[in-house]
>>> print(open('final25.csv').read())   # CSV, C-alpha atoms
chain,number,residue,atom,x,y,z
A,1,MET,CA,117.2,13.0,-177.2
A,2,LYS,CA,118.0,15.1,-174.1
A,3,ILE,CA,121.7,15.8,-173.8
A,4,ASN,CA,123.5,17.2,-170.7
A,5,ILE,CA,126.7,19.0,-171.5
A,6,LEU,CA,129.7,19.4,-169.2
A,7,VAL,CA,132.4,21.9,-170.0
A,8,ASN,CA,135.6,21.9,-167.8
A,9,GLY,CA,138.1,23.7,-170.1
A,10,ALA,CA,139.0,27.3,-169.4
A,11,LEU,CA,137.5,30.2,-171.3
A,12,TYR,CA,139.9,31.4,-174.1
A,13,SER,CA,142.9,29.3,-173.2
A,14,SER,CA,141.3,26.0,-174.1
A,15,GLN,CA,139.4,24.9,-177.2
A,16,ALA,CA,136.9,23.0,-175.0
A,17,SER,CA,134.3,25.8,-175.0
A,18,TYR,CA,134.4,26.1,-178.8
A,19,SER,CA,134.2,22.3,-179.3
A,20,ALA,CA,131.2,22.1,-176.9
A,21,TRP,CA,129.5,25.0,-178.6
A,22,GLN,CA,129.9,23.5,-182.1
A,23,TYR,CA,128.7,20.1,-180.8
A,24,CYS,CA,125.6,21.8,-179.2
A,25,LEU,CA,124.7,23.7,-182.4
A,26,ALA,CA,125.0,20.4,-184.5
A,27,ALA,CA,122.9,18.5,-181.9
A,28,CYS,CA,120.2,21.1,-181.8
A,29,GLU,CA,120.1,21.3,-185.6
A,30,ALA,CA,119.7,17.5,-185.6
A,31,GLY,CA,116.6,17.9,-183.4
A,32,HIS,CA,118.1,17.1,-180.0
A,33,GLN,CA,117.5,19.0,-176.9
A,34,ILE,CA,120.4,20.2,-174.7
A,35,SER,CA,119.0,19.9,-171.1
A,36,GLN,CA,121.7,22.2,-169.7
A,37,VAL,CA,125.3,23.3,-170.2
A,38,PHE,CA,127.2,23.0,-166.9
A,39,PHE,CA,130.4,24.9,-166.6
A,40,HIS,CA,132.8,23.4,-164.0
A,41,GLN,CA,136.4,24.1,-162.9
A,42,ASP,CA,138.2,26.7,-165.1
A,43,ALA,CA,135.2,26.9,-167.4
A,44,VAL,CA,133.3,29.0,-164.8
A,45,ALA,CA,135.0,32.1,-166.3
A,46,HIS,CA,132.3,31.9,-169.0
A,47,GLY,CA,130.0,33.4,-166.5
A,48,ASN,CA,132.1,36.6,-166.1
A,49,MET,CA,130.3,39.3,-168.0
A,50,LEU,CA,133.5,41.5,-168.0
A,51,SER,CA,135.5,39.5,-170.5
A,52,VAL,CA,136.5,41.5,-173.6
A,53,VAL,CA,137.7,39.8,-176.8
A,54,MET,CA,139.7,41.1,-179.7
A,55,SER,CA,137.3,42.1,-182.6
A,56,ASP,CA,138.6,39.3,-184.9
A,57,GLU,CA,138.3,36.5,-182.3
A,58,PRO,CA,135.2,34.6,-181.3
A,59,ASP,CA,133.4,35.9,-178.3
A,60,MET,CA,132.5,32.5,-176.6
A,61,VAL,CA,130.5,34.1,-173.8
A,62,GLU,CA,128.2,35.9,-176.3
A,63,ASN,CA,128.2,32.8,-178.5
A,64,TRP,CA,126.9,30.7,-175.6
A,65,ALA,CA,124.4,33.4,-174.6
A,66,ARG,CA,123.0,33.6,-178.1
A,67,PHE,CA,122.8,29.8,-178.3
A,68,ALA,CA,121.1,29.6,-174.9
A,69,GLU,CA,118.5,32.2,-175.9
A,70,HIS,CA,117.8,30.6,-179.3
A,71,TYR,CA,117.3,27.1,-178.0
A,72,SER,CA,116.1,27.9,-174.5
A,73,VAL,CA,119.0,26.1,-172.8
A,74,PRO,CA,120.1,26.9,-169.2
A,75,LEU,CA,123.7,27.8,-168.8
A,76,VAL,CA,124.8,26.8,-165.3
A,77,ILE,CA,128.0,27.9,-163.5
A,78,CYS,CA,129.3,25.7,-160.6
A,79,VAL,CA,129.0,27.7,-157.4
A,80,SER,CA,132.1,26.4,-155.6
A,81,SER,CA,134.4,26.7,-158.7
A,82,ALA,CA,132.9,30.2,-159.4
A,83,GLU,CA,133.5,31.6,-155.9
A,84,ARG,CA,137.1,30.4,-156.0
A,85,ARG,CA,137.6,32.2,-159.3
A,86,GLY,CA,135.7,35.4,-158.7
A,87,VAL,CA,132.5,34.9,-160.6
A,88,LEU,CA,129.6,36.1,-158.4
A,89,ASN,CA,126.0,36.9,-158.7
A,90,GLY,CA,124.4,39.7,-156.6
A,91,ALA,CA,123.4,37.3,-153.8
A,92,LEU,CA,126.9,35.7,-153.5
A,93,ALA,CA,128.6,39.2,-153.6
A,94,THR,CA,126.4,40.3,-150.7
A,95,GLU,CA,127.0,37.0,-148.8
A,96,HIS,CA,130.8,37.3,-149.1
A,97,ALA,CA,130.8,41.1,-148.6
A,98,LYS,CA,132.2,41.9,-152.1
A,99,THR,CA,131.6,45.3,-153.6
A,100,ALA,CA,130.7,44.0,-157.1
A,101,ALA,CA,129.0,41.1,-158.9
A,102,ASN,CA,129.9,40.1,-162.4
A,103,LEU,CA,127.6,37.2,-163.4
A,104,HIS,CA,126.5,37.5,-167.0
A,105,PRO,CA,122.7,37.7,-167.2
A,106,SER,CA,122.5,34.6,-169.5
A,107,PHE,CA,124.1,32.4,-166.9
A,108,SER,CA,122.9,31.1,-163.5
A,109,ILE,CA,124.9,29.7,-160.5
A,110,ALA,CA,124.1,26.3,-159.0
A,111,GLY,CA,125.7,23.5,-157.0
A,112,LEU,CA,127.2,20.3,-158.4
A,113,GLY,CA,124.1,18.4,-157.5
A,114,THR,CA,122.6,20.1,-160.5
A,115,LEU,CA,125.2,18.4,-162.7
A,116,THR,CA,124.7,15.0,-161.2
A,117,ASP,CA,121.0,15.3,-161.4
A,118,ALA,CA,121.0,16.4,-165.1
A,119,SER,CA,123.5,13.7,-166.0
A,120,ILE,CA,121.1,11.1,-164.7
A,121,THR,CA,117.9,12.5,-166.0
A,122,SER,CA,119.2,13.2,-169.5
A,123,ASP,CA,119.6,10.5,-172.2
A,124,ARG,CA,123.3,11.4,-172.7
A,125,MET,CA,126.1,13.3,-171.0
A,126,VAL,CA,128.8,14.7,-173.2
A,127,SER,CA,131.9,16.3,-171.6
A,128,PHE,CA,134.6,18.7,-172.9
A,129,SER,CA,137.8,19.2,-170.9
B,1,MET,CA,125.4,0.0,-173.8
B,2,SER,CA,128.6,1.0,-175.6
B,3,THR,CA,130.9,3.9,-175.1
B,4,LEU,CA,132.1,6.8,-177.2
B,5,HIS,CA,135.6,7.8,-176.1
B,6,THR,CA,136.8,11.3,-177.1
B,7,LEU,CA,140.5,12.1,-176.9
B,8,SER,CA,141.5,15.8,-177.0
B,9,ALA,CA,145.2,15.8,-176.2
B,10,SER,CA,148.1,15.0,-178.5
B,11,TRP,CA,149.4,11.5,-178.7
B,12,HIS,CA,152.8,12.6,-177.6
B,13,GLU,CA,151.4,14.3,-174.5
B,14,ARG,CA,148.9,11.6,-173.5
B,15,VAL,CA,150.1,8.3,-175.0
B,16,TRP,CA,148.8,6.4,-171.9
B,17,VAL,CA,145.3,7.1,-173.0
B,18,PHE,CA,145.9,5.6,-176.4
B,19,GLU,CA,147.5,2.6,-174.6
B,20,GLN,CA,144.4,2.2,-172.4
B,21,LEU,CA,142.0,2.5,-175.3
B,22,CYS,CA,143.7,-0.4,-177.0
B,23,PHE,CA,141.6,-2.3,-174.4
B,24,ALA,CA,138.3,-0.6,-175.4
B,25,THR,CA,135.3,-2.9,-175.6
B,26,SER,CA,134.2,-4.3,-179.0
B,27,GLY,CA,131.5,-2.0,-180.3
B,28,ASP,CA,133.0,1.1,-178.7
B,29,ALA,CA,134.0,4.1,-180.8
B,30,ILE,CA,136.9,6.5,-180.4
B,31,LEU,CA,136.8,10.1,-181.7
B,32,LEU,CA,140.0,12.2,-181.9
B,33,ILE,CA,139.3,15.9,-181.4
B,34,GLU,CA,141.4,19.0,-180.8
B,35,ASP,CA,145.1,18.2,-180.4
B,36,ALA,CA,144.5,14.4,-180.7
B,37,VAL,CA,144.0,15.0,-184.4
B,38,LEU,CA,147.7,15.9,-184.8
B,39,ALA,CA,148.7,12.2,-184.8
B,40,ALA,CA,146.7,11.7,-188.0
B,41,HIS,CA,149.3,13.7,-189.9
B,42,SER,CA,152.1,11.1,-189.4
B,43,PRO,CA,151.8,7.8,-191.2
B,44,ILE,CA,153.6,6.0,-188.3
B,45,THR,CA,152.2,7.4,-185.0
B,46,LEU,CA,148.8,5.7,-185.1
B,47,ALA,CA,149.5,2.6,-187.1
B,48,SER,CA,149.8,0.1,-184.3
B,49,PHE,CA,147.0,1.7,-182.3
B,50,LEU,CA,144.6,1.6,-185.3
B,51,ALA,CA,145.5,-2.0,-186.0
B,52,LYS,CA,144.7,-3.0,-182.4
B,53,CYS,CA,141.4,-1.1,-182.5
B,54,GLU,CA,140.4,-2.7,-185.8
B,55,SER,CA,141.2,-6.2,-184.5
B,56,ARG,CA,139.0,-5.5,-181.4
B,57,GLY,CA,136.1,-4.2,-183.4
B,58,VAL,CA,136.6,-0.6,-182.2
B,59,LYS,CA,136.0,2.1,-184.8
B,60,VAL,CA,138.2,5.2,-184.7
B,61,TYR,CA,137.1,8.6,-186.1
B,62,VAL,CA,138.7,12.0,-186.4
B,63,LEU,CA,137.0,15.4,-186.3
B,64,GLN,CA,137.3,17.0,-189.7
B,65,GLU,CA,137.2,20.6,-188.7
B,66,ASP,CA,140.0,20.2,-186.1
B,67,MET,CA,142.2,18.6,-188.7
B,68,GLN,CA,141.4,21.3,-191.3
B,69,VAL,CA,142.2,24.3,-189.0
B,70,ARG,CA,145.5,22.7,-188.0
B,71,GLY,CA,146.5,21.8,-191.6
B,72,VAL,CA,146.6,18.1,-190.7
B,73,HIS,CA,146.1,15.6,-193.5
B,74,ASN,CA,144.8,12.2,-192.5
B,75,GLN,CA,147.2,9.4,-193.4
B,76,TYR,CA,145.1,6.4,-192.4
B,77,LYS,CA,142.3,4.7,-194.2
B,78,GLN,CA,141.1,3.1,-190.9
B,79,LEU,CA,140.6,6.6,-189.4
B,80,LYS,CA,137.3,8.0,-190.6
B,81,PRO,CA,136.9,11.8,-190.8
B,82,VAL,CA,133.6,13.1,-189.4
B,83,PRO,CA,132.1,16.6,-189.2
B,84,TYR,CA,130.4,17.8,-185.9
B,85,THR,CA,127.1,16.2,-187.2
B,86,GLY,CA,129.0,12.9,-187.2
B,87,PHE,CA,130.1,13.6,-183.6
B,88,VAL,CA,126.4,14.0,-182.7
B,89,GLU,CA,125.5,10.8,-184.5
B,90,LEU,CA,128.2,9.0,-182.5
B,91,THR,CA,126.6,10.1,-179.3
B,92,GLU,CA,123.3,8.9,-180.5
B,93,LYS,CA,124.7,5.5,-181.2
B,94,HIS,CA,126.8,5.2,-178.0
B,95,GLN,CA,125.0,5.7,-174.7
B,96,ARG,CA,128.1,6.5,-172.6
B,97,HIS,CA,130.7,9.2,-173.2
B,98,VAL,CA,134.2,9.4,-171.7
B,99,ALA,CA,136.2,12.5,-172.4
B,100,TRP,CA,139.9,11.6,-171.9
C,1,MET,CA,114.8,6.6,-157.9
C,2,THR,CA,117.1,3.7,-158.6
C,3,ALA,CA,120.8,4.4,-158.0
C,4,HIS,CA,122.9,4.9,-161.1
C,5,LYS,CA,126.5,3.8,-161.5
C,6,LEU,CA,128.7,6.9,-161.7
C,7,LEU,CA,132.4,6.7,-162.2
C,8,TYR,CA,134.9,9.4,-161.4
C,9,LEU,CA,138.3,9.2,-163.1
C,10,PHE,CA,141.2,10.9,-161.4
C,11,THR,CA,144.0,11.2,-163.9
C,12,ARG,CA,146.3,13.9,-162.4
C,13,GLY,CA,148.5,14.2,-159.4
C,14,PRO,CA,147.5,16.5,-156.4
C,15,TYR,CA,148.3,20.1,-155.8
C,16,SER,CA,149.6,21.3,-159.2
C,17,CYS,CA,146.1,21.7,-160.5
C,18,ALA,CA,142.6,21.8,-158.8
C,19,SER,CA,141.2,18.8,-160.7
C,20,GLY,CA,141.6,16.4,-157.8
C,21,ASN,CA,140.0,18.8,-155.3
C,22,GLU,CA,137.1,19.8,-157.6
C,23,GLY,CA,136.7,16.2,-158.7
C,24,LEU,CA,136.1,15.4,-155.0
C,25,ASP,CA,133.5,18.1,-154.8
C,26,ALA,CA,131.7,16.3,-157.7
C,27,VAL,CA,132.0,12.9,-155.9
C,28,LEU,CA,130.5,14.4,-152.7
C,29,ALA,CA,127.6,15.9,-154.7
C,30,GLY,CA,127.0,12.5,-156.3
C,31,SER,CA,127.0,10.8,-152.8
C,32,THR,CA,124.4,13.1,-151.4
C,33,LEU,CA,122.1,12.1,-154.3
C,34,GLU,CA,122.6,8.5,-153.2
C,35,GLN,CA,124.0,7.2,-156.4
C,36,ASP,CA,126.3,4.1,-156.8
C,37,LEU,CA,129.7,5.7,-157.0
C,38,SER,CA,133.1,4.4,-158.0
C,39,LEU,CA,136.5,6.2,-158.2
C,40,LEU,CA,139.3,5.1,-160.5
C,41,PHE,CA,142.8,6.5,-160.1
C,42,ILE,CA,144.9,6.2,-163.2
C,43,HIS,CA,148.1,7.6,-164.6
C,44,ASP,CA,149.4,10.3,-162.2
C,45,GLY,CA,146.0,10.2,-160.5
C,46,VAL,CA,147.4,7.4,-158.3
C,47,PHE,CA,149.5,10.0,-156.4
C,48,GLN,CA,146.3,11.5,-155.0
C,49,LEU,CA,146.2,8.5,-152.6
C,50,LEU,CA,149.9,8.3,-151.7
C,51,ALA,CA,150.3,8.2,-147.9
C,52,GLY,CA,152.7,10.6,-146.1
C,53,GLN,CA,151.6,13.8,-147.8
C,54,ASP,CA,152.7,16.5,-145.4
C,55,THR,CA,151.2,20.0,-145.7
C,56,ALA,CA,152.1,21.0,-142.1
C,57,ASP,CA,154.7,23.5,-143.4
C,58,SER,CA,152.7,24.6,-146.3
C,59,GLU,CA,149.7,26.8,-147.0
C,60,LEU,CA,148.3,24.3,-149.3
C,61,LYS,CA,145.2,22.4,-148.2
C,62,GLN,CA,145.6,18.7,-147.9
C,63,PHE,CA,142.3,18.0,-149.7
C,64,THR,CA,143.3,14.4,-150.3
C,65,ARG,CA,142.3,13.6,-146.7
C,66,THR,CA,138.8,13.6,-148.0
C,67,PHE,CA,139.5,10.4,-150.0
C,68,ARG,CA,140.0,8.7,-146.7
C,69,ALA,CA,136.7,9.9,-145.4
C,70,LEU,CA,134.7,8.8,-148.4
C,71,GLU,CA,133.6,5.6,-146.7
C,72,ASP,CA,131.5,7.8,-144.3
C,73,PHE,CA,129.7,9.1,-147.3
C,74,GLY,CA,128.8,5.6,-148.5
C,75,VAL,CA,131.6,5.6,-151.2
C,76,GLN,CA,133.5,2.3,-150.9
C,77,ARG,CA,134.6,1.5,-154.4
C,78,LEU,CA,138.1,2.9,-155.0
C,79,TYR,CA,140.2,1.4,-157.8
C,80,VAL,CA,143.7,2.0,-159.0
C,81,HIS,CA,145.2,1.1,-162.4
C,82,ASP,CA,147.9,-1.5,-161.7
C,83,GLN,CA,150.2,-0.5,-164.5
C,84,SER,CA,150.0,3.2,-163.5
C,85,MET,CA,151.1,2.1,-159.9
C,86,CYS,CA,153.8,-0.2,-161.2
C,87,SER,CA,155.4,2.2,-163.6
C,88,ARG,CA,155.6,4.8,-160.8
C,89,GLY,CA,157.1,2.3,-158.3
C,90,LEU,CA,154.0,2.3,-156.1
C,91,THR,CA,152.4,-0.5,-154.2
C,92,VAL,CA,148.9,-0.5,-152.6
C,93,GLU,CA,150.6,-0.6,-149.2
C,94,GLN,CA,151.9,2.9,-149.8
C,95,LEU,CA,148.5,4.3,-150.3
C,96,SER,CA,146.4,6.0,-147.6
C,97,VAL,CA,143.2,4.1,-148.3
C,98,ALA,CA,142.1,0.6,-149.2
C,99,VAL,CA,141.8,0.1,-152.9
C,100,SER,CA,141.3,-2.6,-155.5
C,101,GLU,CA,143.8,-3.0,-158.3
C,102,LEU,CA,142.6,-3.3,-161.9
C,103,ASP,CA,144.6,-4.1,-165.0
C,104,SER,CA,143.8,-2.3,-168.3
C,105,ALA,CA,141.2,-4.8,-169.3
C,106,GLY,CA,139.6,-4.4,-165.8
C,107,VAL,CA,139.5,-0.6,-166.3
C,108,ALA,CA,137.7,-1.1,-169.7
C,109,SER,CA,135.2,-3.4,-168.1
C,110,LEU,CA,134.6,-1.0,-165.1
C,111,ILE,CA,133.8,1.8,-167.6
C,112,GLU,CA,131.5,-0.6,-169.4
C,113,GLN,CA,129.4,-1.0,-166.3
C,114,GLN,CA,128.8,2.7,-165.7
C,115,TYR,CA,125.9,4.9,-166.5
C,116,ARG,CA,128.0,8.1,-166.5
C,117,VAL,CA,131.7,8.8,-166.4
C,118,PHE,CA,133.3,12.1,-165.1
C,119,THR,CA,137.0,12.8,-165.9
C,120,PHE,CA,139.2,14.9,-163.6
>>> encode(input="final25.csv", output="C-alpha cells")
Amino acid sequence: MKINILVNGALYSSQASYSAWQYCLAACEAGHQISQVFFHQDAVAHGNMLSVVMSDEPDMVENWARFAEHYSVPLVICVSSAERRGVLNGALATEHAKTAANLHPSFSIAGLGTLTDASITSDRMVSFS
Amino acid sequence: MSTLHTLSASWHERVWVFEQLCFATSGDAILLIEDAVLAAHSPITLASFLAKCESRGVKVYVLQEDMQVRGVHNQYKQLKPVPYTGFVELTEKHQRHVAW
Amino acid sequence: MTAHKLLYLFTRGPYSCASGNEGLDAVLAGSTLEQDLSLLFIHDGVFQLLAGQDTADSELKQFTRTFRALEDFGVQRLYVHDQSMCSRGLTVEQLSVAVSELDSAGVASLIEQQYRVFTF
C-alpha cells in the first residue's frame, strides 16, 4: 500500500512528529511504501538544518533524514508555511534577498498542490497534528 | 469505505470531539493517541463514550506506547490497546483517516 | 482524472493561530487541481465565518475574506455544525457566507462520503 503522510504539529513542542515517525517505521516494516511525508504549518521547522537538540533527547530532524534515506521517501516542506517561518532553500533565499539559506539537505520545498496530489494518488493519507 | 478516527488531545481539552464521535458510522474505528490516552486511566471518564461506541458497532483502540510513557493504566475492557503495528493495521482496514 | 471528494475541517477560531489561514491555502491548492471540495466549520471553527470582523484598526490580515471568494474558485459546499453554532449563540444569518447546517449525524455522514479529510 502507498501511504501519504501529513505532519502539521510543531518540531519539538508537539509529539506529532514522533508519532508520525513511529507510524512510518511500523508501516515500512510491514511492507508498505510511504509515498511522501509532507510537513505543513508549524511542522515546517523540521526542514531547518540549524536545530540543535540536547544529547539525551531524540533528534527528530535526523531521525526523519535517516528514515527517508533508508526507505527512499521524499520529505517535503510546504513553501508558503516555510517562508513565513524562515525555512528557506538557496533559491528562495536569493528570491527574497535573504543572506542565508537553512534547508536541511534531506528535505525539499514544494507547494500544497504536492500534498493534494499525493493524497489522491496514494492508497491512504494519514495525518498527525 | 470506513473511517479511522485518531484523537490526539485530552478528553478534558477536547470533549466536543468525543461527543461528535458518538455519531461515528458503524464499522468505523477510533484510536486514542498522545494525550487522548490519558482518559483511559480514569474508570469514569470514558464509560458512557465507550458504551455508545459499542452500541453503534464502532471499535475503540488506545496506543500502547503512549499509555506506557505516561504511566497510564487502561481501566476499560472495551478499549483495546494496540502497538504502532496495530495502528498501521487499522489504516490498512479503514480507507479514510481523520485526525481530530 | 475524476474529481475526488476532499473535505477540509475548520475547528478553531480565526487570528489566534494560523490554522484557518493555512487551511485556506490548502483549500485553494485543492481547487486548482479541480477536485470536489467541501468545507466544514465545527466547534470554534464557526467563528471563521462570523460577519462584522473588522481589522481596519489592526495590522492583522483579514484572511477570512477569502472564504467569501471561494465560490469564484468553484468551491460551493460550505457546512456548519448546528450544535457548534447554537452553543455559541450564532445563527446562519450572522455569517458572512451562505452555508448549510448539519447536525452531528449529518457531519458523520458528510465524512463518510469523502475520499480524504484534512483537519485545520
>>> atom_distance(input="final25.csv", atom1="atom CA of A:Phe38", atom2="atom CA of C:Lys5")
20.0 Å
>>> closest_atom_pairs(input="final25.csv", of="stretch 20-91 of chain A", to="stretch 68-88 of chain B", cutoff="9 Å", atoms="all atoms listed in the file", output="Markdown table")
| residue | atom | partner | partner_atom | distance |
| --- | --- | --- | --- | --- |
| A:Gln22 | CA | B:Tyr84 | CA | 6.9 |
| A:Tyr23 | CA | B:Tyr84 | CA | 5.8 |
| A:Cys24 | CA | B:Val88 | CA | 8.6 |
| A:Leu25 | CA | B:Tyr84 | CA | 8.9 |
| A:Ala26 | CA | B:Thr85 | CA | 5.4 |
| A:Ala27 | CA | B:Val88 | CA | 5.8 |
| A:Glu29 | CA | B:Thr85 | CA | 8.8 |
| A:Ala30 | CA | B:Thr85 | CA | 7.7 |
>>> atom_distance(input="final25.csv", atom1="atom CA of C:Gln53", atom2="atom CA of C:Leu39")
19.8 Å
>>> closest_atom_pairs(input="final25.csv", of="chain C", to="chain B", cutoff="7 Å", atoms="all atoms listed in the file", output="JSON lines")
{"residue": "C:Ser104", "atom": "CA", "partner": "B:Gln20", "partner_atom": "CA", "distance": 6.1}
{"residue": "C:Ala105", "atom": "CA", "partner": "B:Phe23", "partner_atom": "CA", "distance": 5.7}
{"residue": "C:Ala108", "atom": "CA", "partner": "B:Ala24", "partner_atom": "CA", "distance": 5.8}
{"residue": "C:Tyr115", "atom": "CA", "partner": "B:Arg96", "partner_atom": "CA", "distance": 6.7}
{"residue": "C:Arg116", "atom": "CA", "partner": "B:Arg96", "partner_atom": "CA", "distance": 6.3}
{"residue": "C:Val117", "atom": "CA", "partner": "B:Val98", "partner_atom": "CA", "distance": 5.9}
{"residue": "C:Thr119", "atom": "CA", "partner": "B:Ala99", "partner_atom": "CA", "distance": 6.6}
>>> closest_residue(input="final25.csv", among="C:Phe120, C:Phe10, C:Phe67, C:Phe73", to="C:Ala51", atoms="all atoms listed in the file")
C:Phe67
>>> interface_residues(input="final25.csv", of="chain C", to="chain A", cutoff="10 Å", atoms="all atoms listed in the file", output="ChimeraX atom specification")
/C:3-6,18-19,21-23,25-33,35,115-120
>>> residues_around(input="final25.csv", residues="C:Arg12", least_positions_apart="4", cutoff="8 Å", atoms="all atoms listed in the file", output="list in words")
Ser19, Gly20, Ile42, His43, Asp44, Gly45, Val46, Phe47, Gln48 and Phe120 of chain C
>>> residues_around(input="final25.csv", residues="C:Leu102", least_positions_apart="5", cutoff="10 Å", atoms="all atoms listed in the file", output="list of chain:residue names")
C:Leu40, C:Phe41, C:Ile42, C:Tyr79, C:Val80, C:His81, C:Asp82, C:Gln83, C:Ser84, C:Val107, C:Ala108, C:Ser109, C:Leu110
>>> residues_around(input="final25.csv", residues="B:Ile33", least_positions_apart="4", cutoff="9 Å", atoms="only C-alpha atoms", output="count of residues only")
13
>>> atom_distance(input="final25.csv", atom1="atom CA of C:Lys61", atom2="atom CA of A:His46")
26.3 Å
>>> decode(input="final25.csv", residues="stretch 68-115 of chain A", atoms="C-alpha atoms", output="CSV table (one decimal), in the first residue's frame")
chain,number,residue,atom,x,y,z
A,68,ALA,CA,14.0,9.0,4.4
A,69,GLU,CA,17.3,7.8,3.2
A,70,HIS,CA,16.8,4.2,4.3
A,71,TYR,CA,13.4,3.8,2.7
A,72,SER,CA,13.8,6.4,-0.2
A,73,VAL,CA,11.0,8.6,1.0
A,74,PRO,CA,10.7,12.3,-0.1
A,75,LEU,CA,10.4,14.7,2.8
A,76,VAL,CA,8.6,17.8,1.6
A,77,ILE,CA,8.2,21.1,3.3
A,78,CYS,CA,5.3,23.4,2.4
A,79,VAL,CA,6.7,26.5,0.7
A,80,SER,CA,4.2,29.1,2.0
A,81,SER,CA,4.4,27.8,5.6
A,82,ALA,CA,8.2,27.6,5.3
A,83,GLU,CA,8.7,31.1,4.0
A,84,ARG,CA,6.5,32.6,6.8
A,85,ARG,CA,8.6,30.7,9.4
A,86,GLY,CA,12.1,31.2,8.0
A,87,VAL,CA,12.9,27.9,6.4
A,88,LEU,CA,14.5,28.7,3.0
A,89,ASN,CA,16.5,26.9,0.3
A,90,GLY,CA,19.1,28.7,-1.7
A,91,ALA,CA,16.6,29.7,-4.5
A,92,LEU,CA,14.1,31.1,-2.0
A,93,ALA,CA,16.8,33.0,-0.1
A,94,THR,CA,18.0,34.6,-3.3
A,95,GLU,CA,14.4,35.4,-4.4
A,96,HIS,CA,13.7,37.1,-1.1
A,97,ALA,CA,17.1,38.8,-0.8
A,98,LYS,CA,18.0,36.9,2.4
A,99,THR,CA,21.6,36.4,3.3
A,100,ALA,CA,21.4,32.8,4.3
A,101,ALA,CA,19.5,29.6,3.5
A,102,ASN,CA,18.9,26.8,6.0
A,103,LEU,CA,17.1,24.0,4.4
A,104,HIS,CA,18.3,20.6,5.5
A,105,PRO,CA,19.7,18.6,2.6
A,106,SER,CA,17.3,15.7,3.2
A,107,PHE,CA,14.2,17.9,2.7
A,108,SER,CA,12.8,19.6,-0.4
A,109,ILE,CA,10.3,22.5,-0.6
A,110,ALA,CA,7.1,22.4,-2.7
A,111,GLY,CA,3.6,23.8,-2.9
A,112,LEU,CA,0.4,22.5,-1.3
A,113,GLY,CA,-0.6,21.0,-4.7
A,114,THR,CA,2.0,18.3,-4.0
A,115,LEU,CA,0.1,17.4,-0.8
